[in-house]
Amino acid sequence: MSPISNAEINETEPSKYRVIQHGRSSDPTEKIRELSFILDHWDVFTENLEDEILDEQMSTAMIGSAYTQSSSALTLRQLFGIWRNGKGIHASFYDENRETITEPLYMVGMGGSVLSGAFVFWGIVPSQGLIVISNISPEPGKCNVRSNIIRYLKAFRGE
């Protein structure tokens with residue numbers, strides 16, 4: 001199974017960011033659009049904490065499962081809050097060749113099965129201007145659906 005190139009994802013709207021995709025999932029166009037938006041506004045995460053863009057809701061910033069309730073979609077402010085607390089950040093990810101890269105990957109959302117353990121997660125690697133949508137992780141414990149749903153629900157409620 002080879003990674004999907006940007007051109008295969010959407011021939012009419014290629015991402016300006018490099019995209020790594022492992023596995024096949026539903027149409028990733030909306031995920032790529034929103035992950036690109038986050039990368040475009042990464043400076044807000046580090047510099048301008050009062051920017052109104054932070055109140056923009058990200059429909060793909062959620063955790064979902066076919067067997068449990070999905071979390072609510074988060075705003076950028078809520079998502080950035082999770083990351084500022086050191087949560088939802090993977091220490092490594094797999095590149096196109098399935099080599100482990102030890103750079104922080106900021107998880108935006110994921111879906112999975114609490115019964116089978118199968119998952120797909122999506123996130124960004126700001127240091128590389130990279131979008132990752134993957135069903136494999138060097139840190140599978142970070143892809144636990146139930147604990148991530150709880151984390152995202154707490155962020156949504158401001159806890």
# chains A, B, ... in the order shown; residues from 1 in each chain; ligands from 1
>>> select_by_dssp(residues="chain A", states="alpha helix (DSSP H)", output="MDAnalysis selection string")
chainID A and resid 6:9 29:40 42:46 76:84 145:157
>>> residues_around(residues="Glu56 in chain A", least_positions_apart="2", cutoff="12 Å", atoms="only C-alpha atoms", output="list of chain:residue names")
A:Glu34, A:Phe37, A:Ile38, A:His41, A:Asp51, A:Glu52, A:Ile53, A:Leu54, A:Met58, A:Ser59, A:Thr60, A:Ala61, A:Ala73, A:Leu74, A:Thr75, A:Leu76, A:Arg77, A:Gln78, A:Leu79, A:Phe80
>>> write_last_selection(atoms="N, CA and C atoms", output="PDB file, in the first residue's frame")
ATOM      1  N   GLU A  34      -8.913  22.080   6.339  1.00  0.00           N
ATOM      2  CA  GLU A  34      -8.846  22.622   7.701  1.00  0.00           C
ATOM      3  C   GLU A  34      -7.445  22.512   8.297  1.00  0.00           C
ATOM      4  N   PHE A  37      -5.550  25.321   6.919  1.00  0.00           N
ATOM      5  CA  PHE A  37      -5.973  26.551   7.593  1.00  0.00           C
ATOM      6  C   PHE A  37      -5.224  26.711   8.919  1.00  0.00           C
ATOM      7  N   ILE A  38      -5.102  25.629   9.671  1.00  0.00           N
ATOM      8  CA  ILE A  38      -4.378  25.697  10.953  1.00  0.00           C
ATOM      9  C   ILE A  38      -2.914  26.031  10.709  1.00  0.00           C
ATOM     10  N   HIS A  41      -2.343  29.611   9.983  1.00  0.00           N
ATOM     11  CA  HIS A  41      -2.519  30.496  11.137  1.00  0.00           C
ATOM     12  C   HIS A  41      -1.734  30.025  12.359  1.00  0.00           C
ATOM     13  N   ASP A  51      -6.539  36.876  18.786  1.00  0.00           N
ATOM     14  CA  ASP A  51      -7.067  36.914  17.428  1.00  0.00           C
ATOM     15  C   ASP A  51      -8.424  36.225  17.375  1.00  0.00           C
ATOM     16  N   GLU A  52      -9.402  36.851  16.727  1.00  0.00           N
ATOM     17  CA  GLU A  52     -10.753  36.280  16.657  1.00  0.00           C
ATOM     18  C   GLU A  52     -10.808  35.009  15.817  1.00  0.00           C
ATOM     19  N   ILE A  53      -9.766  34.726  15.040  1.00  0.00           N
ATOM     20  CA  ILE A  53      -9.712  33.494  14.260  1.00  0.00           C
ATOM     21  C   ILE A  53      -9.733  32.280  15.191  1.00  0.00           C
ATOM     22  N   LEU A  54      -9.319  32.485  16.442  1.00  0.00           N
ATOM     23  CA  LEU A  54      -9.294  31.386  17.414  1.00  0.00           C
ATOM     24  C   LEU A  54     -10.685  30.860  17.742  1.00  0.00           C
ATOM     25  N   MET A  58     -13.585  24.142  13.991  1.00  0.00           N
ATOM     26  CA  MET A  58     -12.987  23.230  13.028  1.00  0.00           C
ATOM     27  C   MET A  58     -13.811  21.945  13.025  1.00  0.00           C
ATOM     28  N   SER A  59     -14.538  21.689  11.954  1.00  0.00           N
ATOM     29  CA  SER A  59     -15.414  20.513  11.919  1.00  0.00           C
ATOM     30  C   SER A  59     -14.644  19.206  12.022  1.00  0.00           C
ATOM     31  N   THR A  60     -13.362  19.205  11.649  1.00  0.00           N
ATOM     32  CA  THR A  60     -12.568  17.982  11.718  1.00  0.00           C
ATOM     33  C   THR A  60     -11.793  17.859  13.024  1.00  0.00           C
ATOM     34  N   ALA A  61     -11.906  18.851  13.919  1.00  0.00           N
ATOM     35  CA  ALA A  61     -11.227  18.793  15.221  1.00  0.00           C
ATOM     36  C   ALA A  61     -12.145  18.090  16.209  1.00  0.00           C
ATOM     37  N   ALA A  73     -17.129  19.194  17.938  1.00  0.00           N
ATOM     38  CA  ALA A  73     -16.052  19.826  17.163  1.00  0.00           C
ATOM     39  C   ALA A  73     -15.520  21.009  17.963  1.00  0.00           C
ATOM     40  N   LEU A  74     -14.200  21.153  17.975  1.00  0.00           N
ATOM     41  CA  LEU A  74     -13.553  22.203  18.762  1.00  0.00           C
ATOM     42  C   LEU A  74     -13.282  23.452  17.932  1.00  0.00           C
ATOM     43  N   THR A  75     -13.161  24.568  18.626  1.00  0.00           N
ATOM     44  CA  THR A  75     -12.660  25.786  17.998  1.00  0.00           C
ATOM     45  C   THR A  75     -11.136  25.716  18.014  1.00  0.00           C
ATOM     46  N   LEU A  76     -10.497  26.593  17.264  1.00  0.00           N
ATOM     47  CA  LEU A  76      -9.035  26.658  17.313  1.00  0.00           C
ATOM     48  C   LEU A  76      -8.556  26.963  18.726  1.00  0.00           C
ATOM     49  N   ARG A  77      -9.249  27.837  19.440  1.00  0.00           N
ATOM     50  CA  ARG A  77      -8.859  28.187  20.813  1.00  0.00           C
ATOM     51  C   ARG A  77      -8.857  26.938  21.700  1.00  0.00           C
ATOM     52  N   GLN A  78      -9.895  26.113  21.579  1.00  0.00           N
ATOM     53  CA  GLN A  78      -9.982  24.896  22.390  1.00  0.00           C
ATOM     54  C   GLN A  78      -8.901  23.891  21.985  1.00  0.00           C
ATOM     55  N   LEU A  79      -8.685  23.739  20.688  1.00  0.00           N
ATOM     56  CA  LEU A  79      -7.669  22.827  20.197  1.00  0.00           C
ATOM     57  C   LEU A  79      -6.277  23.274  20.643  1.00  0.00           C
ATOM     58  N   PHE A  80      -5.993  24.560  20.492  1.00  0.00           N
ATOM     59  CA  PHE A  80      -4.703  25.089  20.931  1.00  0.00           C
ATOM     60  C   PHE A  80      -4.530  24.918  22.438  1.00  0.00           C
TER      61      PHE A  80
END
>>> closest_residue(among="A:Ile32, A:Met107, A:Val44, A:Ile136", to="Gly123 in chain A", atoms="only C-alpha atoms")
A:Met107
>>> closest_residue(among="A:Gln69, A:Ser113, A:Asn144, A:Thr102", to="Gln128 in chain A", atoms="only C-alpha atoms")
A:Thr102
>>> atom_distance(atom1="CA of Gly64 in chain A", atom2="CA of His22 in chain A")
18.6 Å
>>> residues_around(residues="Trp122 in chain A", least_positions_apart="3", cutoff="12 Å", atoms="only C-alpha atoms", output="PyMOL selection string")
chain A and resi 19-23+25+28+30-36+60-63+88-90+93+105-112+119+125+130-137+143
>>> write_last_selection(atoms="N, CA and C atoms", output="tab-separated table (two decimals), in the first residue's frame")
chain	number	residue	atom	x	y	z
A	19	VAL	N	1.44	16.40	2.05
A	19	VAL	CA	0.47	15.54	2.71
A	19	VAL	C	1.00	14.11	2.71
A	20	ILE	N	1.00	13.50	3.89
A	20	ILE	CA	1.30	12.08	4.02
A	20	ILE	C	0.01	11.40	4.41
A	21	GLN	N	-0.36	10.38	3.65
A	21	GLN	CA	-1.56	9.63	3.99
A	21	GLN	C	-1.24	8.15	3.95
A	22	HIS	N	-1.47	7.49	5.08
A	22	HIS	CA	-1.31	6.04	5.18
A	22	HIS	C	-2.70	5.45	5.30
A	23	GLY	N	-3.01	4.48	4.47
A	23	GLY	CA	-4.32	3.85	4.49
A	23	GLY	C	-5.31	4.67	3.68
A	25	SER	N	-9.11	6.25	3.58
A	25	SER	CA	-10.26	6.63	4.40
A	25	SER	C	-11.22	7.40	3.51
A	28	PRO	N	-10.57	12.90	2.03
A	28	PRO	CA	-9.83	13.72	2.98
A	28	PRO	C	-9.83	15.22	2.67
A	30	GLU	N	-11.83	17.82	3.11
A	30	GLU	CA	-12.17	18.76	4.19
A	30	GLU	C	-11.09	18.76	5.27
A	31	LYS	N	-10.57	17.59	5.60
A	31	LYS	CA	-9.50	17.51	6.60
A	31	LYS	C	-8.29	18.32	6.12
A	32	ILE	N	-7.91	18.10	4.87
A	32	ILE	CA	-6.73	18.79	4.33
A	32	ILE	C	-6.97	20.30	4.30
A	33	ARG	N	-8.17	20.72	3.95
A	33	ARG	CA	-8.50	22.15	3.93
A	33	ARG	C	-8.35	22.75	5.33
A	34	GLU	N	-8.91	22.08	6.34
A	34	GLU	CA	-8.85	22.62	7.70
A	34	GLU	C	-7.45	22.51	8.30
A	35	LEU	N	-6.73	21.45	8.01
A	35	LEU	CA	-5.36	21.33	8.50
A	35	LEU	C	-4.47	22.39	7.86
A	36	SER	N	-4.70	22.68	6.59
A	36	SER	CA	-3.98	23.77	5.91
A	36	SER	C	-4.29	25.11	6.57
A	60	THR	N	-13.36	19.20	11.65
A	60	THR	CA	-12.57	17.98	11.72
A	60	THR	C	-11.79	17.86	13.02
A	61	ALA	N	-11.91	18.85	13.92
A	61	ALA	CA	-11.23	18.79	15.22
A	61	ALA	C	-12.14	18.09	16.21
A	62	MET	N	-12.25	16.78	16.02
A	62	MET	CA	-13.12	15.97	16.88
A	62	MET	C	-12.66	14.53	16.85
A	63	ILE	N	-13.14	13.77	17.83
A	63	ILE	CA	-12.85	12.35	17.92
A	63	ILE	C	-14.17	11.63	17.72
A	88	GLY	N	-2.47	15.63	23.21
A	88	GLY	CA	-2.78	15.52	21.79
A	88	GLY	C	-1.58	15.76	20.89
A	89	ILE	N	-0.38	15.62	21.45
A	89	ILE	CA	0.84	15.83	20.67
A	89	ILE	C	1.60	14.50	20.64
A	90	HIS	N	1.82	14.00	19.44
A	90	HIS	CA	2.60	12.78	19.28
A	90	HIS	C	4.08	13.16	19.16
A	93	PHE	N	6.01	10.27	14.19
A	93	PHE	CA	5.04	9.82	13.19
A	93	PHE	C	5.82	9.09	12.10
A	105	LEU	N	3.95	15.94	16.28
A	105	LEU	CA	2.78	15.95	15.42
A	105	LEU	C	1.60	16.34	16.31
A	106	TYR	N	0.95	17.44	15.95
A	106	TYR	CA	-0.19	17.96	16.71
A	106	TYR	C	-1.46	17.35	16.15
A	107	MET	N	-2.08	16.45	16.93
A	107	MET	CA	-3.28	15.77	16.47
A	107	MET	C	-4.46	16.72	16.50
A	108	VAL	N	-5.19	16.76	15.39
A	108	VAL	CA	-6.39	17.58	15.29
A	108	VAL	C	-7.63	16.74	15.54
A	109	GLY	N	-7.65	15.51	15.05
A	109	GLY	CA	-8.80	14.66	15.26
A	109	GLY	C	-8.49	13.22	14.94
A	110	MET	N	-9.46	12.36	15.23
A	110	MET	CA	-9.30	10.96	14.91
A	110	MET	C	-10.64	10.25	14.91
A	111	GLY	N	-10.68	9.12	14.28
A	111	GLY	CA	-11.84	8.24	14.30
A	111	GLY	C	-11.35	6.84	14.52
A	112	GLY	N	-12.21	6.01	15.05
A	112	GLY	CA	-11.77	4.64	15.27
A	112	GLY	C	-12.83	3.77	15.86
A	119	PHE	N	-7.96	2.58	13.89
A	119	PHE	CA	-8.08	4.02	14.01
A	119	PHE	C	-7.52	4.71	12.79
A	125	VAL	N	2.35	18.82	11.36
A	125	VAL	CA	3.72	18.94	11.84
A	125	VAL	C	4.18	20.33	11.41
A	130	LEU	N	3.65	20.18	7.27
A	130	LEU	CA	3.23	18.85	6.86
A	130	LEU	C	1.87	18.49	7.45
A	131	ILE	N	1.07	17.82	6.65
A	131	ILE	CA	-0.23	17.28	7.06
A	131	ILE	C	-0.10	15.76	7.05
A	132	VAL	N	-0.57	15.12	8.14
A	132	VAL	CA	-0.52	13.67	8.24
A	132	VAL	C	-1.92	13.14	8.49
A	133	ILE	N	-2.34	12.19	7.67
A	133	ILE	CA	-3.59	11.45	7.87
A	133	ILE	C	-3.18	9.98	7.83
A	134	SER	N	-3.33	9.29	8.96
A	134	SER	CA	-2.70	7.98	9.04
A	134	SER	C	-3.49	6.98	9.89
A	135	ASN	N	-3.35	5.73	9.52
A	135	ASN	CA	-3.93	4.66	10.32
A	135	ASN	C	-2.84	3.84	11.01
A	136	ILE	N	-1.63	4.38	11.04
A	136	ILE	CA	-0.52	3.75	11.76
A	136	ILE	C	0.21	4.82	12.56
A	137	SER	N	0.74	4.41	13.70
A	137	SER	CA	1.45	5.36	14.55
A	137	SER	C	2.53	4.64	15.34
A	143	CYS	N	-3.51	6.88	20.26
A	143	CYS	CA	-4.66	6.81	19.35
A	143	CYS	C	-5.82	6.05	19.98
>>> residues_around(residues="range 148-150 of chain A", least_positions_apart="3", cutoff="7 Å", atoms="only C-alpha atoms", output="MDAnalysis selection string")
chainID A and resid 63 70:71 144:145 153:154
>>> select_by_dssp(residues="chain A", states="strand (DSSP E)", output="PyMOL selection string")
chain A and resi 18-21+63-65+89-90+93-94+100-101+105-112+119-125+130-134
>>> closest_residue(among="A:Leu115, A:Arg151, A:Pro126, A:Ser72", to="Asp40 in chain A", atoms="only C-alpha atoms")
A:Pro126
>>> atom_distance(atom1="CA of Thr46 in chain A", atom2="CA of Gly141 in chain A")
27.3 Å
>>> atom_distance(atom1="CA of Arg18 in chain A", atom2="CA of Ile124 in chain A")
10.1 Å
